[in-house]
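What follows is the content of input23.cif (mmCIF, C-alpha atoms).
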```
data_data
#
loop_
_atom_site.label_atom_id
_atom_site.label_comp_id
_atom_site.auth_asym_id
_atom_site.auth_seq_id
_atom_site.Cartn_x
_atom_site.Cartn_y
_atom_site.Cartn_z
CA MET A 1 192.48 130.72 80.87
CA GLU A 2 189.95 128.03 81.78
CA ALA A 3 189.69 129.37 85.35
CA LEU A 4 189.16 132.88 84.08
CA SER A 5 186.46 131.69 81.65
CA ALA A 6 184.62 129.82 84.36
CA GLU A 7 184.74 132.84 86.64
CA SER A 8 183.48 135.13 83.88
CA ALA A 9 180.64 132.73 83.11
CA ALA A 10 179.66 132.66 86.78
CA ASP A 11 179.73 136.47 86.97
CA LEU A 12 177.61 136.72 83.83
CA ALA A 13 175.01 134.31 85.24
CA THR A 14 174.89 136.28 88.47
CA HIS A 15 174.34 139.57 86.66
CA ARG A 16 171.54 138.04 84.60
CA ARG A 17 169.74 136.80 87.72
CA ILE A 18 170.03 140.20 89.38
CA ARG A 19 168.69 141.99 86.29
CA LYS A 20 165.70 139.68 86.10
CA SER A 21 164.76 140.00 89.75
CA PRO A 22 164.49 143.33 91.56
CA GLN A 23 164.36 141.38 94.82
CA LEU A 24 167.78 139.86 94.15
CA ALA A 25 169.05 143.29 93.22
CA LEU A 26 167.76 144.63 96.54
CA ILE A 27 169.55 141.91 98.50
CA SER A 28 172.81 142.44 96.62
CA LEU A 29 172.70 146.14 97.46
CA HIS A 30 171.87 145.81 101.16
CA MET A 31 175.48 145.85 102.28
CA LEU A 32 176.19 149.05 100.35
CA ILE A 33 172.97 150.56 101.63
CA ALA A 34 173.84 149.77 105.24
CA LEU A 35 177.24 151.47 104.87
CA ARG A 36 176.48 154.47 102.70
CA VAL A 37 172.76 155.21 102.26
CA LEU A 38 172.48 157.72 105.10
CA ALA A 39 175.30 159.79 103.64
CA GLN A 40 174.28 159.48 100.01
CA PHE A 41 170.48 159.62 100.11
CA PRO A 42 169.46 162.48 97.83
CA GLN A 43 167.97 165.69 99.10
CA PRO A 44 164.33 166.32 98.13
CA PRO A 45 164.29 167.32 94.46
CA THR A 46 163.52 170.90 93.56
CA PRO A 47 161.79 172.24 90.45
CA HIS A 48 163.81 172.79 87.26
CA ARG A 49 166.75 170.61 88.32
CA HIS A 50 165.78 167.52 86.39
CA ALA A 51 168.90 165.72 85.15
CA SER A 52 167.26 163.63 82.47
CA SER A 53 167.88 165.62 79.28
CA ASP A 54 170.00 162.94 77.58
CA LEU A 55 168.52 159.78 79.10
CA CYS A 56 165.09 159.01 77.63
CA SER A 57 161.87 160.72 76.61
CA MET A 58 158.19 159.91 76.85
CA PRO A 59 156.25 158.74 73.75
CA GLY A 60 156.05 161.36 71.02
CA LEU A 61 158.22 163.96 72.75
CA ALA A 62 161.76 162.99 71.78
CA GLU A 63 161.49 164.42 68.28
CA ASN A 64 160.02 167.66 69.66
CA ALA A 65 162.54 168.28 72.43
CA GLY A 66 162.78 171.97 73.25
CA ARG A 67 159.82 172.99 71.11
CA LYS A 68 156.58 174.54 72.27
CA LEU A 69 153.85 171.94 71.81
CA LYS A 70 150.08 172.04 71.60
CA PRO A 71 148.11 170.88 74.66
CA GLU A 72 146.76 167.97 72.60
CA ASP A 73 150.30 166.77 71.85
CA LEU A 74 151.26 166.86 75.52
CA LEU A 75 148.07 165.07 76.50
CA ASP A 76 148.68 162.33 73.93
CA SER A 77 152.15 161.73 75.35
CA TYR A 78 150.84 161.64 78.93
CA ASN A 79 148.14 159.08 78.05
CA ALA A 80 150.57 156.99 76.00
CA GLN A 81 152.95 156.84 78.98
CA ALA A 82 150.07 155.92 81.33
CA ALA A 83 149.02 153.08 79.01
CA LEU A 84 152.53 151.57 78.95
CA ILE A 85 152.59 150.57 82.63
CA HIS A 86 150.45 147.57 83.57
CA SER A 87 152.53 146.18 86.44
CA LEU A 88 155.93 146.62 88.01
CA GLU A 89 158.27 145.26 90.64
CA ALA A 90 160.85 147.62 92.07
CA SER A 91 163.48 147.88 94.78
CA ALA A 92 163.72 151.33 96.30
CA ILE A 93 165.02 153.40 99.16
CA VAL A 94 162.08 155.22 100.77
CA ARG A 95 162.01 157.99 103.34
CA VAL A 96 159.02 159.65 105.03
CA GLN A 97 159.50 163.29 106.00
CA SER A 98 157.60 166.38 107.10
CA SER A 99 158.47 170.03 106.60
CA SER A 100 157.01 171.36 109.83
CA ARG A 101 153.85 169.81 111.25
CA HIS A 102 155.33 166.37 112.01
CA ALA A 103 159.01 167.29 111.77
CA ALA A 104 159.77 166.50 115.43
CA LYS A 105 158.11 163.07 115.33
CA LEU A 106 159.80 162.16 112.05
CA ARG A 107 163.22 163.53 112.99
CA ASP A 108 164.67 160.03 113.30
CA SER A 109 163.06 158.75 110.11
CA ARG A 110 165.75 157.10 108.03
CA PRO A 111 165.89 155.91 104.43
CA ALA A 112 164.75 152.27 104.34
CA PRO A 113 164.93 149.48 101.73
CA VAL A 114 161.47 148.76 100.33
CA GLU A 115 160.06 146.26 97.86
CA ILE A 116 157.26 147.66 95.68
CA ARG A 117 154.82 145.68 93.55
CA PHE A 118 152.03 147.24 91.50
CA LEU A 119 149.30 145.72 89.31
CA ALA A 120 146.84 147.85 87.33
CA PRO A 121 144.47 149.35 87.96
CA ALA A 122 145.18 149.93 91.66
CA TRP A 123 146.74 146.89 93.40
CA LEU A 124 149.75 147.85 95.49
CA ARG A 125 152.07 146.11 97.95
CA MET A 126 154.93 147.93 99.68
CA THR A 127 157.13 146.01 102.11
CA GLY A 128 159.92 147.53 104.17
CA VAL A 129 162.64 144.93 104.65
CA VAL A 130 165.46 144.40 107.13
CA PRO A 131 168.72 143.51 105.34
CA PHE A 132 169.55 139.80 105.54
CA SER A 133 166.45 139.08 107.63
CA ALA A 134 162.87 137.87 107.18
CA ARG A 135 161.63 140.74 109.38
CA ARG A 136 159.54 143.60 108.00
CA THR A 137 159.81 147.22 109.09
CA PHE A 138 156.31 147.87 107.70
CA ASP A 139 153.92 146.44 105.11
CA MET A 140 151.11 148.05 103.10
CA TRP A 141 148.55 146.62 100.69
CA SER A 142 145.69 148.15 98.69
CA ASP A 143 143.26 147.21 95.94
CA GLY A 144 142.30 150.83 95.25
CA ARG A 145 139.28 150.73 97.58
CA ASP A 146 140.62 149.38 100.88
CA PHE A 147 144.05 149.21 102.44
CA ARG A 148 145.86 147.13 105.04
CA MET A 149 148.98 148.25 106.86
CA LEU A 150 151.40 146.61 109.28
CA MET A 151 153.20 149.34 111.20
CA PRO A 152 155.44 149.38 114.30
CA GLU A 153 154.48 151.32 117.40
CA GLY A 154 157.51 151.23 119.63
CA ASP A 155 158.45 147.57 120.07
CA VAL A 156 154.98 146.35 119.06
CA MET A 157 153.57 145.82 115.56
CA LYS A 158 150.01 146.98 114.83
CA PHE A 159 147.77 146.09 111.90
CA PHE A 160 145.39 148.65 110.41
CA VAL A 161 142.55 148.20 107.90
CA GLY A 162 140.23 150.73 106.34
CA SER A 163 139.13 152.61 103.24
CA VAL A 164 141.80 154.36 101.18
CA ASN A 165 139.83 157.56 101.78
CA ALA A 166 139.75 157.10 105.57
CA PRO A 167 140.83 160.35 107.26
CA PRO A 168 143.96 160.46 109.44
CA THR A 169 143.17 159.55 113.04
CA SER A 170 146.53 158.84 114.65
CA SER A 171 149.00 161.13 116.40
CA ASN A 172 151.71 159.01 114.76
CA PRO A 173 152.12 160.45 111.23
CA ARG A 174 153.40 157.12 109.85
CA GLU A 175 150.07 155.49 110.72
CA ASN A 176 148.29 158.13 108.63
CA LEU A 177 150.03 157.12 105.41
CA ARG A 178 147.66 156.05 102.65
CA PRO A 179 148.43 154.08 99.47
CA GLN A 180 146.99 156.80 97.20
CA MET A 181 150.20 158.81 97.44
CA VAL A 182 152.26 156.00 95.93
CA LEU A 183 149.60 154.77 93.51
CA GLU A 184 149.21 158.21 91.97
CA ALA A 185 152.98 158.50 91.59
CA LEU A 186 153.62 155.08 90.00
CA HIS A 187 150.59 154.79 87.73
CA TRP A 188 148.87 157.73 86.09
CA SER A 189 145.15 157.77 85.48
CA LEU A 190 144.09 158.38 81.89
CA ALA A 191 143.07 161.96 81.26
CA LYS A 192 141.42 164.42 78.93
CA LEU A 193 142.00 168.14 78.67
CA ALA A 194 140.03 170.25 81.12
CA ALA A 195 136.87 171.85 79.79
CA SER A 196 138.52 175.22 79.08
CA PRO A 197 142.25 174.57 79.19
CA GLY A 198 143.32 177.19 76.66
CA SER A 199 146.90 176.81 75.51
CA ALA A 200 149.59 175.01 77.48
CA SER A 201 150.92 177.52 80.01
CA ASN A 202 154.61 178.13 80.65
CA LYS A 203 156.23 178.18 84.11
CA GLY A 204 159.72 178.84 82.83
CA ALA A 205 162.15 178.06 80.05
CA GLY A 206 161.62 174.56 78.69
CA SER A 207 158.45 174.05 80.72
CA GLN A 208 154.81 173.67 79.67
CA THR A 209 151.78 172.83 81.83
CA ILE A 210 148.33 171.48 80.96
CA GLU A 211 145.28 171.01 83.16
CA VAL A 212 143.47 167.71 82.76
CA GLU A 213 140.44 165.82 84.02
CA LEU A 214 141.25 162.34 85.33
CA THR A 215 139.41 159.04 85.08
CA GLY A 216 140.02 155.80 86.94
CA PRO A 217 139.62 154.04 90.30
CA ALA A 218 140.63 155.34 93.72
CA LEU A 219 140.63 158.99 92.70
CA GLY A 220 138.34 160.10 95.53
CA ASP A 221 137.84 163.83 95.16
CA ARG A 222 140.96 164.16 93.01
CA GLY A 223 139.27 164.68 89.66
CA ARG A 224 141.69 167.15 88.09
CA ALA A 225 145.42 167.62 87.79
CA GLU A 226 148.03 169.99 86.45
CA VAL A 227 150.79 168.21 84.52
CA GLU A 228 154.09 170.03 84.03
CA PHE A 229 156.36 168.87 81.19
CA ASP A 230 160.09 169.42 80.81
CA THR A 231 160.08 169.93 77.04
CA ARG A 232 163.88 169.89 76.87
CA SER A 233 164.04 166.28 78.04
CA GLY A 234 160.59 165.21 76.83
CA THR A 235 159.41 164.03 80.26
CA VAL A 236 156.98 165.04 83.00
CA SER A 237 158.60 166.97 85.83
CA ARG A 238 155.58 167.42 88.10
CA VAL A 239 151.96 166.37 88.59
CA GLU A 240 149.72 168.30 90.97
CA MET A 241 146.53 166.50 91.98
CA LEU A 242 143.64 168.92 92.56
CA ASP A 243 140.48 168.54 94.61
CA GLU A 244 137.02 169.74 93.60
CA ALA A 245 137.93 173.27 94.67
CA SER A 246 141.09 173.18 92.46
CA LYS A 247 143.28 173.12 95.56
CA VAL A 248 146.49 171.08 95.37
CA VAL A 249 146.21 168.01 97.59
CA THR A 250 149.12 165.95 96.26
CA ASP A 251 152.28 167.20 94.58
CA ILE A 252 154.46 164.64 92.74
CA ASP A 253 157.93 165.61 91.53
CA TYR A 254 159.79 163.38 89.00
CA ASN A 255 163.52 163.25 88.29
CA ASP A 256 166.15 161.14 86.56
CA TRP A 257 164.16 159.33 83.86
CA HIS A 258 165.80 156.15 82.51
CA GLU A 259 164.87 153.42 80.06
CA VAL A 260 163.59 150.19 81.65
CA PRO A 261 163.22 146.98 79.59
CA ASN A 262 159.60 146.04 78.92
CA SER A 263 158.92 142.45 80.05
CA LEU A 264 155.85 142.23 77.82
CA ASP A 265 157.92 141.70 74.70
CA GLY A 266 161.54 141.69 75.85
CA GLU A 267 162.50 144.08 73.04
CA THR A 268 161.06 147.51 73.79
CA SER A 269 161.64 149.73 76.83
CA VAL A 270 159.66 152.15 78.95
CA CYS A 271 160.92 155.53 80.14
CA PHE A 272 160.52 155.67 83.92
CA PRO A 273 161.75 158.04 86.69
CA LYS A 274 164.30 156.86 89.24
CA ARG A 275 163.58 159.56 91.80
CA VAL A 276 160.10 160.54 92.95
CA LEU A 277 159.00 162.90 95.72
CA VAL A 278 155.32 162.72 96.71
CA SER A 279 153.96 165.47 98.98
CA ASP A 280 150.61 165.24 100.73
CA ARG A 281 149.72 168.88 101.31
CA GLN A 282 146.83 168.14 103.66
CA GLN A 283 148.88 166.02 106.07
CA ASP A 284 152.23 167.76 105.47
CA LEU A 285 153.90 164.44 104.69
CA GLN A 286 156.47 163.67 101.99
CA VAL A 287 157.41 160.23 100.69
CA GLU A 288 160.70 160.21 98.81
CA MET A 289 161.56 157.20 96.65
CA LYS A 290 164.89 156.43 95.03
CA ILE A 291 164.31 153.53 92.62
CA LEU A 292 167.28 151.14 92.56
CA SER A 293 165.96 148.55 90.11
CA THR A 294 162.74 148.02 88.18
CA GLU A 295 161.08 145.20 86.28
CA MET A 296 158.42 146.70 84.03
CA ASN A 297 155.22 144.76 83.29
CA PRO A 298 156.08 141.43 84.94
CA GLN A 299 153.33 138.82 85.28
CA LEU A 300 151.57 139.46 88.60
CA SER A 301 148.22 138.48 90.07
CA PRO A 302 146.24 140.10 92.91
CA GLY A 303 146.84 136.99 95.02
CA GLN A 304 150.59 137.57 94.91
CA LEU A 305 150.14 141.00 96.46
CA GLN A 306 147.79 139.97 99.29
CA LEU A 307 148.63 140.96 102.88
CA ILE A 308 147.27 138.76 105.69
CA PRO A 309 147.27 139.95 109.34
CA PRO A 310 150.06 138.10 111.20
CA ARG A 311 148.89 135.78 113.96
CA GLY A 312 148.69 137.41 117.38
CA ILE A 313 148.80 141.02 116.15
CA PRO A 314 145.67 143.09 116.96
CA VAL A 315 143.72 144.57 114.06
CA THR A 316 142.60 148.21 114.25
CA ARG A 317 139.84 149.31 111.87
CA ILE A 318 140.05 152.95 110.80
CA PRO A 319 136.57 154.46 110.37
CA ALA A 320 135.65 155.89 106.98
CA HIS A 321 134.32 159.02 108.64
CA PRO A 322 135.50 160.88 111.77
CA GLN A 323 133.73 159.76 114.93
#
```
Show how you would write the structure in this file as structure tokens.
Amino acid sequence: MEALSAESAADLATHRRIRKSPQLALISLHMLIALRVLAQFPQPPTPHRHASSDLCSMPGLAENAGRKLKPEDLLDSYNAQAALIHSLEASAIVRVQSSSRHAAKLRDSRPAPVEIRFLAPAWLRMTGVVPFSARRTFDMWSDGRDFRMLMPEGDVMKFFVGSVNAPPTSSNPRENLRPQMVLEALHWSLAKLAASPGSASNKGAGSQTIEVELTGPALGDRGRAEVEFDTRSGTVSRVEMLDEASKVVTDIDYNDWHEVPNSLDGETSVCFPKRVLVSDRQQDLQVEMKILSTEMNPQLSPGQLQLIPPRGIPVTRIPAHPQ
């Protein structure tokens, strides 16, 4: 009995450490990932297949599940959800894909373990890791204005710096990735209803959509968005970022919402999606993220997210405007 008690205590301590640290959770899952991730990685989510009806709901929507709501009610829930997320640390499996334009070059793209850290309003660090190694498969940093990116080119690593709005210049689609895609997916900008939104439109049973005007850093020409709600589950199923001509530039699909403990008080929780598909329409690139573990609102500082060019690796500056 004493041996069993000691073993149980050790297991309990291990589980507590893993829950507190997404990085430990990532390491503990690497062996399973290496064996099964290629076979089990989910297909890109499709509209109206959101399996979150009995998991959790966004603020103010749980008690109205299945009902038709006013645009103001949907907007209030969207803004309340946006205000809940100040920082996060997450372990995820990420895959970059293309439907047609870059399909041949990304044919061998595989799901990869990634560590994600975010600090409001727009600090981001994404690091691709090699299981049981200090090596990085890639690394990206941004403060909402500029970005830095460590990316392989064959057997050589290259380091890129530039504005987050810098246009794509490389024939390698991976080098054209920008942090905006992930920032917009993880942290919503506060919004107000568009000037003449009318009533919330319906795109199907249990679905309502509002058009909003966005505020916040790093929006570029993305000043408006259409937000689609799954009113049966009380969550957002899709956000479409629009440019000044109301053309969709980024499409973000959300699935599998779960409760995540809130580190700010240790008592409440935040509803957060475990599967996210971000599509850049202009570049025909998709970033799919399967969130394995999340710590919501941990204490982070910009210095903890900094990315310094490794010694001996050339730095390529991407111009803000085409040459």
message = Evaluate the PyMOL selection byres ((chain A and resi 170) around 12) against this structure - the residues, as an MDAnalysis selection string, please.
response = chainID A and resid 102 153 160 166:169 171:177 283 316:319 322
>> Can you translate the PyMOL selection byres ((chain A and resi 272) around 12) into the concrete residues it hits in this file, as a PyMOL selection string?
In response: chain A and resi 52+55-59+81-82+84-85+88+90+185-187+234-237+254-262+269-271+273-276+290-296
Selection result of the PyMOL selection byres ((chain A and resi 67) around 12) on this file, as an MDAnalysis selection string:
chainID A and resid 61:66 68:70 73:74 205:208 229:234
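Atom pair CA of Glu288 (chain A) / CA of Met157 (chain A): separated by 23.2 Å.
Shortest separation to Glu89 (chain A) among A:Val248, A:Ala134, A:Val227, A:Leu124 occurs at residue A:Leu124, atoms counted being all atoms listed in the file.
Nearest residue to Leu190 (chain A) among A:Arg238, A:Arg224, A:Arg110, A:Arg281 is A:Arg224, counting all atoms listed in the file.
Picture a line from CA of Val130 (chain A) to CA of Ser142 (chain A); it runs 21.8 Å.
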Residue with the minimum atom-to-atom distance to Asp265 (chain A), picked from A:Gly144, A:Asn297, A:Val249, A:Pro121 with only C-alpha atoms counted, is A:Asn297
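Nearest residue to Arg125 (chain A), choosing from A:Pro309, A:Pro302, A:Gly223, A:Gly60 and counting only C-alpha atoms: A:Pro302.
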Closest of A:Ala92, A:Ile116, A:Val164, A:Met126 to Met140 (chain A), counting all atoms listed in the file, is A:Met126
Take the point (143.6, 140.5, 99.8) in the file's coordinates, draw a sphere of radius 10 Å around it, and report as a PyMOL selection string every protein, DNA or RNA residue with an atom inside or on it, counting all atoms listed in the file. chain A and resi 123+141-143+146-148+302-308
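Checking A:Pro310, A:Lys247, A:Ala83, A:Tyr78 one by one against Arg136 (chain A), counting only C-alpha atoms, you find the shortest gap at A:Pro310.
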re CA of Pro113 (chain A) and CA of Met289 (chain A): distance 9.8 Å
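Around Ala195 (chain A), within 10 Å and counting all atoms listed in the file, the residues found are A:Glu211, A:Val212, A:Glu213, once anything fewer than 5 positions away on its own chain is removed.
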Selection export as a CSV table (one decimal), keeping the file's coordinate frame, atoms kept: C-alpha atoms:
```csv
chain,number,residue,atom,x,y,z
A,211,GLU,CA,145.3,171.0,83.2
A,212,VAL,CA,143.5,167.7,82.8
A,213,GLU,CA,140.4,165.8,84.0
```
Kindly complete region 236-268 of chain A to N, CA and C atoms; the output should be written as a CSV table (one decimal), in the frame of the given file.
```csv
chain,number,residue,atom,x,y,z
A,236,VAL,N,157.8,164.3,82.0
A,236,VAL,CA,157.0,165.0,83.0
A,236,VAL,C,157.8,165.3,84.2
A,237,SER,N,157.8,166.6,84.6
A,237,SER,CA,158.6,167.0,85.8
A,237,SER,C,157.7,167.1,87.1
A,238,ARG,N,156.4,167.3,86.9
A,238,ARG,CA,155.6,167.4,88.1
A,238,ARG,C,154.1,167.2,87.7
A,239,VAL,N,153.4,166.5,88.7
A,239,VAL,CA,152.0,166.4,88.6
A,239,VAL,C,151.4,166.9,89.9
A,240,GLU,N,150.4,167.8,89.8
A,240,GLU,CA,149.7,168.3,91.0
A,240,GLU,C,148.3,167.8,90.9
A,241,MET,N,147.9,167.0,91.9
A,241,MET,CA,146.5,166.5,92.0
A,241,MET,C,145.7,167.5,92.7
A,242,LEU,N,144.5,167.9,92.1
A,242,LEU,CA,143.6,168.9,92.6
A,242,LEU,C,142.3,168.3,93.1
A,243,ASP,N,141.8,169.0,94.1
A,243,ASP,CA,140.5,168.5,94.6
A,243,ASP,C,139.4,169.3,93.9
A,244,GLU,N,138.2,169.1,94.3
A,244,GLU,CA,137.0,169.7,93.6
A,244,GLU,C,137.1,171.3,93.6
A,245,ALA,N,137.8,171.8,94.6
A,245,ALA,CA,137.9,173.3,94.7
A,245,ALA,C,139.2,173.8,94.0
A,246,SER,N,139.8,172.9,93.2
A,246,SER,CA,141.1,173.2,92.5
A,246,SER,C,142.2,173.5,93.4
A,247,LYS,N,142.2,173.0,94.6
A,247,LYS,CA,143.3,173.1,95.6
A,247,LYS,C,144.2,171.9,95.4
A,248,VAL,N,145.5,172.2,95.5
A,248,VAL,CA,146.5,171.1,95.4
A,248,VAL,C,146.5,170.2,96.6
A,249,VAL,N,146.2,168.9,96.5
A,249,VAL,CA,146.2,168.0,97.6
A,249,VAL,C,147.4,167.1,97.6
A,250,THR,N,147.9,166.8,96.4
A,250,THR,CA,149.1,166.0,96.3
A,250,THR,C,150.0,166.5,95.2
A,251,ASP,N,151.3,166.7,95.5
A,251,ASP,CA,152.3,167.2,94.6
A,251,ASP,C,153.3,166.1,94.3
A,252,ILE,N,153.5,165.7,93.1
A,252,ILE,CA,154.5,164.6,92.7
A,252,ILE,C,155.5,165.2,91.8
A,253,ASP,N,156.8,165.1,92.3
A,253,ASP,CA,157.9,165.6,91.5
A,253,ASP,C,158.8,164.4,91.0
A,254,TYR,N,159.1,164.5,89.7
A,254,TYR,CA,159.8,163.4,89.0
A,254,TYR,C,161.2,163.8,88.5
A,255,ASN,N,162.2,163.0,88.7
A,255,ASN,CA,163.5,163.2,88.3
A,255,ASN,C,164.2,162.0,87.7
A,256,ASP,N,165.2,162.2,86.9
A,256,ASP,CA,166.2,161.1,86.6
A,256,ASP,C,165.4,160.0,85.8
A,257,TRP,N,164.9,160.3,84.7
A,257,TRP,CA,164.2,159.3,83.9
A,257,TRP,C,165.2,158.4,83.1
A,258,HIS,N,164.9,157.1,83.2
A,258,HIS,CA,165.8,156.2,82.5
A,258,HIS,C,164.9,155.1,81.8
A,259,GLU,N,165.6,154.5,80.8
A,259,GLU,CA,164.9,153.4,80.1
A,259,GLU,C,164.9,152.1,80.9
A,260,VAL,N,163.7,151.5,81.0
A,260,VAL,CA,163.6,150.2,81.6
A,260,VAL,C,163.1,149.2,80.7
A,261,PRO,N,163.7,148.0,80.5
A,261,PRO,CA,163.2,147.0,79.6
A,261,PRO,C,161.8,146.6,79.9
A,262,ASN,N,161.0,146.4,78.8
A,262,ASN,CA,159.6,146.0,78.9
A,262,ASN,C,159.5,144.5,78.9
A,263,SER,N,159.0,143.9,80.0
A,263,SER,CA,158.9,142.4,80.0
A,263,SER,C,157.8,141.9,79.2
A,264,LEU,N,156.9,142.7,78.7
A,264,LEU,CA,155.8,142.2,77.8
A,264,LEU,C,156.4,141.6,76.5
A,265,ASP,N,157.4,142.2,76.0
A,265,ASP,CA,157.9,141.7,74.7
A,265,ASP,C,159.4,141.4,74.7
A,266,GLY,N,160.1,141.9,75.8
A,266,GLY,CA,161.5,141.7,75.8
A,266,GLY,C,162.4,142.5,74.9
A,267,GLU,N,161.8,143.3,74.1
A,267,GLU,CA,162.5,144.1,73.0
A,267,GLU,C,162.4,145.6,73.2
A,268,THR,N,161.2,146.1,73.6
A,268,THR,CA,161.1,147.5,73.8
A,268,THR,C,161.4,147.9,75.2
```
